[in-house]
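Text of final37.cif (mmCIF, C-alpha atoms and all ligand atoms) as supplied:
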data_query
loop_
_atom_site.label_atom_id
_atom_site.label_comp_id
_atom_site.auth_asym_id
_atom_site.auth_seq_id
_atom_site.Cartn_x
_atom_site.Cartn_y
_atom_site.Cartn_z
CA MET S 1 0.00 0.00 0.00
CA ASN S 2 1.23 3.48 -0.83
CA SER S 3 1.59 6.12 1.80
CA ASP S 4 1.97 9.47 0.10
CA ASP S 5 0.95 11.19 3.28
CA THR S 6 2.00 14.61 2.10
CA THR S 7 -0.93 14.85 -0.29
CA SER S 8 -4.47 15.47 0.81
CA PRO S 9 -5.92 11.98 1.30
CA GLY S 10 -9.26 12.57 -0.33
CA LEU S 11 -8.13 14.05 -3.63
CA GLU S 12 -7.07 10.74 -5.05
CA LEU S 13 -10.08 8.67 -4.04
CA ARG S 14 -12.38 7.37 -6.70
CA ALA S 15 -15.74 5.65 -6.30
CA VAL S 16 -16.33 2.80 -8.75
CA PHE S 17 -19.77 1.24 -8.61
CA GLY S 18 -22.26 -1.22 -10.02
CA TYR S 19 -25.96 -1.76 -9.43
CA ALA S 20 -28.90 -3.99 -10.30
CA SER S 21 -32.62 -4.05 -9.61
CA ASP S 22 -34.97 -6.93 -10.30
CA ARG S 23 -38.74 -7.28 -9.90
CA GLY S 24 -38.24 -10.72 -8.42
CA LEU S 25 -40.44 -13.76 -9.08
CA ARG S 26 -43.62 -12.94 -7.13
CA ARG S 27 -44.29 -9.21 -7.32
CA GLU S 28 -46.05 -7.64 -10.29
CA GLN S 29 -44.11 -4.41 -10.12
CA ASN S 30 -40.72 -3.20 -9.06
CA GLU S 31 -41.31 -0.51 -6.43
CA ASP S 32 -37.62 -0.13 -5.51
CA SER S 33 -35.58 2.80 -6.79
CA LEU S 34 -31.90 3.64 -6.59
CA ILE S 35 -29.49 6.45 -7.20
CA ALA S 36 -25.79 6.07 -7.98
CA ALA S 37 -24.50 9.55 -8.78
CA ASP S 38 -21.16 10.29 -7.14
CA PRO S 39 -21.07 11.23 -4.28
CA VAL S 40 -24.59 9.90 -3.50
CA PHE S 41 -25.45 6.19 -3.42
CA ALA S 42 -28.82 5.06 -2.12
CA VAL S 43 -31.65 2.54 -2.38
CA ALA S 44 -35.34 3.22 -1.65
CA ASP S 45 -37.99 0.51 -1.24
CA GLY S 46 -41.47 1.86 -1.92
CA MET S 47 -44.55 0.59 -0.12
CA GLY S 48 -48.20 1.02 -1.07
CA GLY S 49 -50.28 -0.70 -3.71
CA HIS S 50 -51.27 0.32 -7.23
CA GLU S 51 -47.89 1.79 -8.19
CA ALA S 52 -47.95 4.26 -5.29
CA GLY S 53 -44.88 2.61 -3.79
CA GLU S 54 -42.98 3.16 -7.00
CA VAL S 55 -44.03 6.83 -6.96
CA ALA S 56 -42.80 7.18 -3.37
CA SER S 57 -39.40 5.57 -3.91
CA SER S 58 -38.77 7.46 -7.14
CA ILE S 59 -39.66 10.84 -5.61
CA CYS S 60 -37.24 10.00 -2.84
CA VAL S 61 -34.24 9.23 -5.06
CA ARG S 62 -35.06 12.14 -7.39
CA THR S 63 -34.94 14.50 -4.42
CA LEU S 64 -31.47 13.18 -3.58
CA GLY S 65 -30.42 13.42 -7.22
CA ASP S 66 -31.38 17.10 -7.35
CA ALA S 67 -29.21 17.94 -4.33
CA PRO S 68 -26.73 20.76 -4.97
CA PHE S 69 -23.77 18.58 -3.97
CA VAL S 70 -24.43 15.89 -6.58
CA GLY S 71 -21.49 15.74 -8.98
CA ARG S 72 -19.09 17.38 -6.52
CA HIS S 73 -16.13 15.39 -5.22
CA LEU S 74 -16.04 15.06 -1.42
CA PRO S 75 -18.46 17.89 -0.59
CA GLU S 76 -18.21 19.33 2.90
CA ILE S 77 -21.74 18.52 3.97
CA GLY S 78 -23.16 16.85 7.04
CA ALA S 79 -26.19 15.06 8.39
CA ASP S 80 -28.15 18.32 8.60
CA ASP S 81 -27.89 18.78 4.84
CA VAL S 82 -29.21 15.28 4.20
CA ARG S 83 -31.95 15.79 6.80
CA VAL S 84 -33.27 18.79 4.84
CA LEU S 85 -33.41 16.69 1.67
CA LEU S 86 -35.24 13.86 3.42
CA ARG S 87 -37.85 16.31 4.77
CA ASP S 88 -38.36 17.53 1.21
CA ALA S 89 -38.72 13.95 0.01
CA ASP S 90 -41.18 13.16 2.80
CA ALA S 91 -43.30 16.22 1.95
CA GLY S 92 -43.15 15.48 -1.79
CA ILE S 93 -44.34 11.91 -1.31
CA ARG S 94 -47.22 13.00 0.96
CA GLU S 95 -48.27 15.57 -1.59
CA ALA S 96 -48.19 13.06 -4.44
CA THR S 97 -49.81 10.12 -2.67
CA GLY S 98 -51.78 11.61 0.22
CA GLY S 99 -49.94 9.53 2.79
CA ARG S 100 -51.04 6.27 1.13
CA ALA S 101 -47.52 5.35 0.18
CA GLY S 102 -44.15 5.47 1.79
CA THR S 103 -40.61 4.40 1.21
CA THR S 104 -37.53 3.25 3.03
CA LEU S 105 -34.23 4.88 2.20
CA THR S 106 -30.66 3.97 2.95
CA GLY S 107 -27.25 4.71 1.52
CA ALA S 108 -24.29 6.99 1.85
CA VAL S 109 -22.78 10.25 0.66
CA LEU S 110 -19.00 10.33 0.25
CA VAL S 111 -18.15 13.55 2.09
CA SER S 112 -15.22 15.44 3.53
CA GLU S 113 -15.36 15.98 7.28
CA ALA S 114 -12.62 18.34 8.51
CA GLY S 115 -10.49 17.22 5.56
CA VAL S 116 -11.04 13.51 6.17
CA PRO S 117 -12.99 11.52 3.56
CA CYS S 118 -15.98 9.86 5.21
CA TRP S 119 -19.06 7.86 4.40
CA LEU S 120 -22.09 9.73 5.69
CA VAL S 121 -24.49 6.81 6.00
CA PHE S 122 -28.23 7.34 6.52
CA ASN S 123 -31.18 5.05 7.09
CA VAL S 124 -34.97 5.14 7.42
CA GLY S 125 -36.69 1.73 7.42
CA ASP S 126 -35.39 -1.76 6.68
CA SER S 127 -33.23 -1.42 3.61
CA ARG S 128 -29.57 -1.80 4.61
CA THR S 129 -26.10 -0.40 4.16
CA TYR S 130 -23.13 -2.68 4.83
CA ARG S 131 -19.39 -2.16 4.57
CA LEU S 132 -16.85 -4.79 3.61
CA THR S 133 -13.60 -3.85 5.27
CA GLY S 134 -10.63 -6.02 6.17
CA GLY S 135 -12.40 -9.00 4.58
CA VAL S 136 -15.40 -8.76 6.91
CA LEU S 137 -18.93 -7.62 6.04
CA GLU S 138 -20.42 -5.36 8.70
CA GLN S 139 -23.98 -4.10 8.74
CA ILE S 140 -23.78 -0.37 9.46
CA THR S 141 -27.47 0.48 9.57
CA VAL S 142 -29.98 -0.84 12.09
CA ASP S 143 -33.42 -1.72 10.71
CA HIS S 144 -36.45 0.26 11.80
CA SER S 145 -38.73 -2.75 11.95
CA GLU S 146 -40.93 -4.59 14.41
CA VAL S 147 -38.73 -7.67 14.28
CA GLN S 148 -35.58 -5.61 14.96
CA GLU S 149 -37.29 -4.27 18.08
CA LEU S 150 -38.11 -7.83 19.17
CA VAL S 151 -34.49 -8.84 18.56
CA ASP S 152 -33.27 -5.83 20.57
CA MET S 153 -35.53 -6.83 23.45
CA GLY S 154 -34.18 -10.38 23.31
CA GLN S 155 -37.60 -11.85 22.50
CA ILE S 156 -36.52 -13.45 19.21
CA THR S 157 -33.18 -14.26 17.61
CA PRO S 158 -31.95 -12.70 14.34
CA ASP S 159 -32.61 -16.06 12.63
CA GLU S 160 -36.19 -16.10 13.91
CA ALA S 161 -36.62 -12.54 12.62
CA LEU S 162 -35.95 -13.81 9.08
CA ILE S 163 -39.07 -15.99 9.12
CA HIS S 164 -41.26 -13.99 11.50
CA PRO S 165 -44.75 -13.28 10.03
CA ARG S 166 -44.39 -9.55 10.77
CA ARG S 167 -40.88 -9.25 9.35
CA HIS S 168 -41.98 -6.75 6.68
CA VAL S 169 -43.48 -4.21 9.09
CA VAL S 170 -41.31 -1.10 9.22
CA THR S 171 -41.53 1.34 12.11
CA ARG S 172 -40.16 4.34 10.22
CA ALA S 173 -40.57 5.47 6.61
CA LEU S 174 -40.64 8.57 4.45
CA GLY S 175 -43.98 9.77 3.10
CA THR S 176 -46.25 7.96 5.55
CA GLY S 177 -46.68 7.56 9.30
CA SER S 178 -45.41 9.84 12.03
CA ASP S 179 -41.83 8.62 12.43
CA THR S 180 -39.73 9.80 9.50
CA GLU S 181 -36.38 10.61 11.11
CA ALA S 182 -33.30 8.96 9.67
CA ASP S 183 -30.36 7.66 11.66
CA TYR S 184 -26.89 8.81 10.60
CA TRP S 185 -23.38 7.42 10.87
CA LEU S 186 -20.10 9.10 9.89
CA ILE S 187 -17.37 6.59 9.08
CA PRO S 188 -13.85 7.28 7.74
CA ALA S 189 -13.68 6.17 4.09
CA GLU S 190 -10.56 4.31 3.01
CA PRO S 191 -9.26 2.89 -0.26
CA GLY S 192 -10.34 -0.74 -0.46
CA ASP S 193 -13.69 -0.08 1.22
CA ARG S 194 -16.61 -1.80 -0.46
CA LEU S 195 -20.09 -0.55 0.38
CA LEU S 196 -23.21 -2.63 -0.16
CA VAL S 197 -26.58 -0.86 -0.22
CA CYS S 198 -29.65 -3.04 -0.75
CA SER S 199 -33.36 -3.50 -0.26
CA ASP S 200 -34.84 -6.22 1.96
CA GLY S 201 -35.59 -8.31 -1.12
CA LEU S 202 -31.89 -9.19 -1.03
CA THR S 203 -31.36 -9.63 2.71
CA GLY S 204 -34.65 -11.51 3.14
CA GLU S 205 -33.41 -14.18 0.72
CA VAL S 206 -29.63 -14.30 1.11
CA SER S 207 -27.74 -14.59 4.39
CA ASP S 208 -25.06 -12.12 5.41
CA GLY S 209 -22.53 -14.96 5.18
CA GLN S 210 -23.44 -15.63 1.55
CA LEU S 211 -23.33 -11.93 0.72
CA GLU S 212 -19.89 -11.66 2.30
CA GLN S 213 -18.69 -14.62 0.29
CA ILE S 214 -19.88 -13.07 -3.00
CA LEU S 215 -18.43 -9.65 -2.14
CA LEU S 216 -15.07 -11.22 -1.28
CA SER S 217 -14.89 -13.41 -4.37
CA VAL S 218 -16.28 -11.19 -7.15
CA ASP S 219 -13.97 -8.26 -7.86
CA ASN S 220 -15.98 -6.29 -10.36
CA PRO S 221 -18.79 -4.34 -8.61
CA GLN S 222 -21.29 -4.84 -11.43
CA ASP S 223 -20.62 -8.59 -11.53
CA ALA S 224 -21.00 -8.74 -7.74
CA CYS S 225 -24.43 -7.07 -8.02
CA ALA S 226 -25.55 -9.53 -10.69
CA SER S 227 -24.34 -12.41 -8.58
CA MET S 228 -26.25 -11.26 -5.49
CA VAL S 229 -29.47 -10.74 -7.47
CA GLU S 230 -29.09 -14.26 -8.90
CA ALA S 231 -28.67 -15.66 -5.41
CA ALA S 232 -31.86 -13.89 -4.24
CA LEU S 233 -33.80 -15.21 -7.24
CA ARG S 234 -32.53 -18.74 -6.65
CA SER S 235 -33.71 -18.47 -3.07
CA GLY S 236 -37.25 -17.57 -4.14
CA GLY S 237 -37.20 -13.90 -5.16
CA ARG S 238 -40.31 -13.12 -3.11
CA ASP S 239 -39.73 -9.35 -3.17
CA ASN S 240 -38.16 -6.74 -5.42
CA ILE S 241 -34.37 -6.99 -5.23
CA THR S 242 -32.16 -3.92 -5.48
CA VAL S 243 -28.43 -3.87 -4.88
CA LEU S 244 -25.70 -1.27 -5.22
CA VAL S 245 -21.97 -1.86 -4.68
CA VAL S 246 -19.48 1.00 -4.33
CA ASP S 247 -15.74 0.38 -4.31
CA LEU S 248 -13.41 3.10 -3.11
CA GLU S 249 -10.13 3.10 -4.98
CA GLY S 250 -6.99 5.12 -4.40
CA ALA S 251 -5.12 6.83 -7.23
CA GLY S 252 -3.53 4.47 -9.72
CA GLU S 253 -5.33 1.46 -8.31
CA HIS S 254 -7.04 -0.93 -10.64
CA SER S 255 -10.18 -2.81 -9.85
CA GLY S 256 -8.58 -5.87 -11.43
CA ALA S 257 -5.98 -8.19 -10.01
CA SER S 258 -2.82 -6.46 -11.27
CA ALA S 259 -2.72 -3.66 -8.76
CA ALA S 260 0.86 -4.20 -7.62
CA ALA S 261 3.22 -1.50 -8.86
CA LEU S 262 6.01 -2.67 -11.14
CA PRO S 263 9.50 -1.97 -9.84
CA GLY S 264 10.92 1.10 -11.54
CA THR S 265 7.53 2.44 -12.60
CA ALA S 266 7.83 5.93 -11.27
CA GLU S 267 4.72 7.53 -12.72
CA HIS S 268 1.28 6.79 -11.42
CA GLN S 269 -0.76 5.34 -14.23
CA PRO S 270 -4.30 6.58 -14.02
CA ALA S 271 -6.62 3.59 -14.18
CA ALA S 272 -8.12 4.15 -17.60
CA GLY S 273 -11.49 2.48 -17.80
CA SER S 274 -12.11 -0.48 -15.59
CA ALA S 275 -12.43 -4.16 -16.41
CA GLY S 276 -11.05 -5.08 -19.81
CA ALA S 277 -8.92 -1.94 -20.16
MN MN V 301 -38.87 -4.76 -0.16
#
Represent the supplied structure as C-alpha cells.
Amino acid sequence: MNSDDTTSPGLELRAVFGYASDRGLRREQNEDSLIAADPVFAVADGMGGHEAGEVASSICVRTLGDAPFVGRHLPEIGADDVRVLLRDADAGIREATGGRAGTTLTGAVLVSEAGVPCWLVFNVGDSRTYRLTGGVLEQITVDHSEVQELVDMGQITPDEALIHPRRHVVTRALGTGSDTEADYWLIPAEPGDRLLVCSDGLTGEVSDGQLEQILLSVDNPQDACASMVEAALRSGGRDNITVLVVDLEGAGEHSGASAAALPGTAEHQPAAGSAGA
C-alpha cells in the first residue's frame, strides 16, 4: 500500500460502482428505486399498492439526485444537509400520494469531514447499508422494523426474525406515518472499502454470510451485483431486489488483479477504464 501522506488523502479517491434491480419472481411491479451519482449512493424501497410505492421511492431518489452537492467530489456537507433533503422527500411523497404510500431509504454520501474523507451513512426503514472492510462484512445500519425491536428486546433471535410473520413491518418510513427521522453514521472512508446498499428483497433471501462470500470473491462491482441478485432469485425472489456496490479506490489502483506497482515504474498510471482496459 502506498503512503503518500504529504498529499491530501481525499483528492485521489475514486468511487467505482455497479448496481442492479430486479422485480423478483412474485411481485407484479418493481417498487424499488436507486441512485448512484457520485457522491450519492442510495436505495429506496417503496410501499403502497397500485404503483404508489414506485411513486414514493422514485420521488425519494429524485430528491437526492437534485441535491446541490451531486457531482461534486467530497463535498463538505453533514447530516443536517441530508436531513433537509429527506424532509423535502417526505413532503413530496405526501403531496403526491396523500400519505397512502411510503418508502424506506438507505445509503451513503461520500463527504469530507474536517479534511477527512468519510461515508455519511443514513437510514430510514429496513433497507440496509453494509461495509466490507478487512475482509469482513459489517452491517452499518440498524433496521427500523418490528422484528428488529423484538431482537433488541431479546424476544426473538436474528434467525427467527428472518421468518417472523411480521418481518416486513417497518416502524419508520418517508412519506407515511409519524416517524420519518433517519439515523446517521459518519465513518472514515478508506481505499479498499466496499459498500453494499440493498433492499430487503436481497437480505430476506440471502444470508449475510453468503453476501460476504460473494463480495469477497467477485472483484468487479457490477458482476458482484448480478451475482447477489441471482442468489436472491434462486432463493425464491419473493420481493423486489435492489443492490448497489461501491468500491473506493486510491489513485492508480485498478479494480482488477494487477494492482501491484512494477518496480521502476515511477509515474502513477491513471486507471483508464475499468475491467477489460
Ligand atoms: Mn422490499
All residues 9 Å or closer to Pro188 of chain S, only C-alpha atoms, same chain fewer than 2 positions away omitted, as a ChimeraX atom specification:
/S:113,116-120,186,190
Selection within 6 Å of ligand MN 301 (chain V) by all atoms listed in the file, output as a PyMOL selection string:
chain S and resi 45+199-201+239-240
Residue contacts of Ala161 of chain S (6 Å, all atoms listed in the file) excluding same-chain residues fewer than 3 positions away, as an NGL selection string
:S and (147 or 158 or 164)
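If you measure from each of S:Asp219, S:Glu205, S:Asp126, S:Glu212 to Ala232 of chain S using all atoms listed in the file, the closest one turns out to be S:Glu205.
A straight line drawn from atom CA of Val218 of chain S to atom CA of Thr242 of chain S is 17.5 Å long.
Minimum distance to Pro191 of chain S across S:Asp81, S:Asp66, S:Asp247, S:Asp179 (counting only C-alpha atoms) occurs at S:Asp247.
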Using all atoms listed in the file, pick whichever of S:Asp80, S:Pro165, S:Thr141, S:Gly18 has the shortest atom-to-atom distance to Asn220 of chain S.
S:Gly18
Test item: residues at most 12 Å from Ala173 of chain S, all atoms listed in the file, excluding those fewer than 3 positions along its chain, as a compact mmCIF listing (two decimals) with C-alpha atoms, in the coordinates of the input:
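See part-v4.txt below for the written result:
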# COMPACT_ATOMS: atom_id res chain seq x y z
CA ALA S 44 -35.34 3.22 -1.65
CA ASP S 45 -37.99 0.51 -1.24
CA GLY S 46 -41.47 1.86 -1.92
CA MET S 47 -44.55 0.59 -0.12
CA GLY S 48 -48.20 1.02 -1.07
CA GLY S 53 -44.88 2.61 -3.79
CA ALA S 56 -42.80 7.18 -3.37
CA SER S 57 -39.40 5.57 -3.91
CA CYS S 60 -37.24 10.00 -2.84
CA LEU S 86 -35.24 13.86 3.42
CA ARG S 87 -37.85 16.31 4.77
CA ALA S 89 -38.72 13.95 0.01
CA ASP S 90 -41.18 13.16 2.80
CA ILE S 93 -44.34 11.91 -1.31
CA ARG S 94 -47.22 13.00 0.96
CA GLY S 99 -49.94 9.53 2.79
CA ARG S 100 -51.04 6.27 1.13
CA ALA S 101 -47.52 5.35 0.18
CA GLY S 102 -44.15 5.47 1.79
CA THR S 103 -40.61 4.40 1.21
CA THR S 104 -37.53 3.25 3.03
CA LEU S 105 -34.23 4.88 2.20
CA THR S 106 -30.66 3.97 2.95
CA ASN S 123 -31.18 5.05 7.09
CA VAL S 124 -34.97 5.14 7.42
CA GLY S 125 -36.69 1.73 7.42
CA ASP S 126 -35.39 -1.76 6.68
CA SER S 127 -33.23 -1.42 3.61
CA ASP S 143 -33.42 -1.72 10.71
CA HIS S 144 -36.45 0.26 11.80
CA SER S 145 -38.73 -2.75 11.95
CA VAL S 169 -43.48 -4.21 9.09
CA VAL S 170 -41.31 -1.10 9.22
CA THR S 176 -46.25 7.96 5.55
CA GLY S 177 -46.68 7.56 9.30
CA SER S 178 -45.41 9.84 12.03
CA ASP S 179 -41.83 8.62 12.43
CA THR S 180 -39.73 9.80 9.50
CA GLU S 181 -36.38 10.61 11.11
CA ALA S 182 -33.30 8.96 9.67
CA ASP S 183 -30.36 7.66 11.66
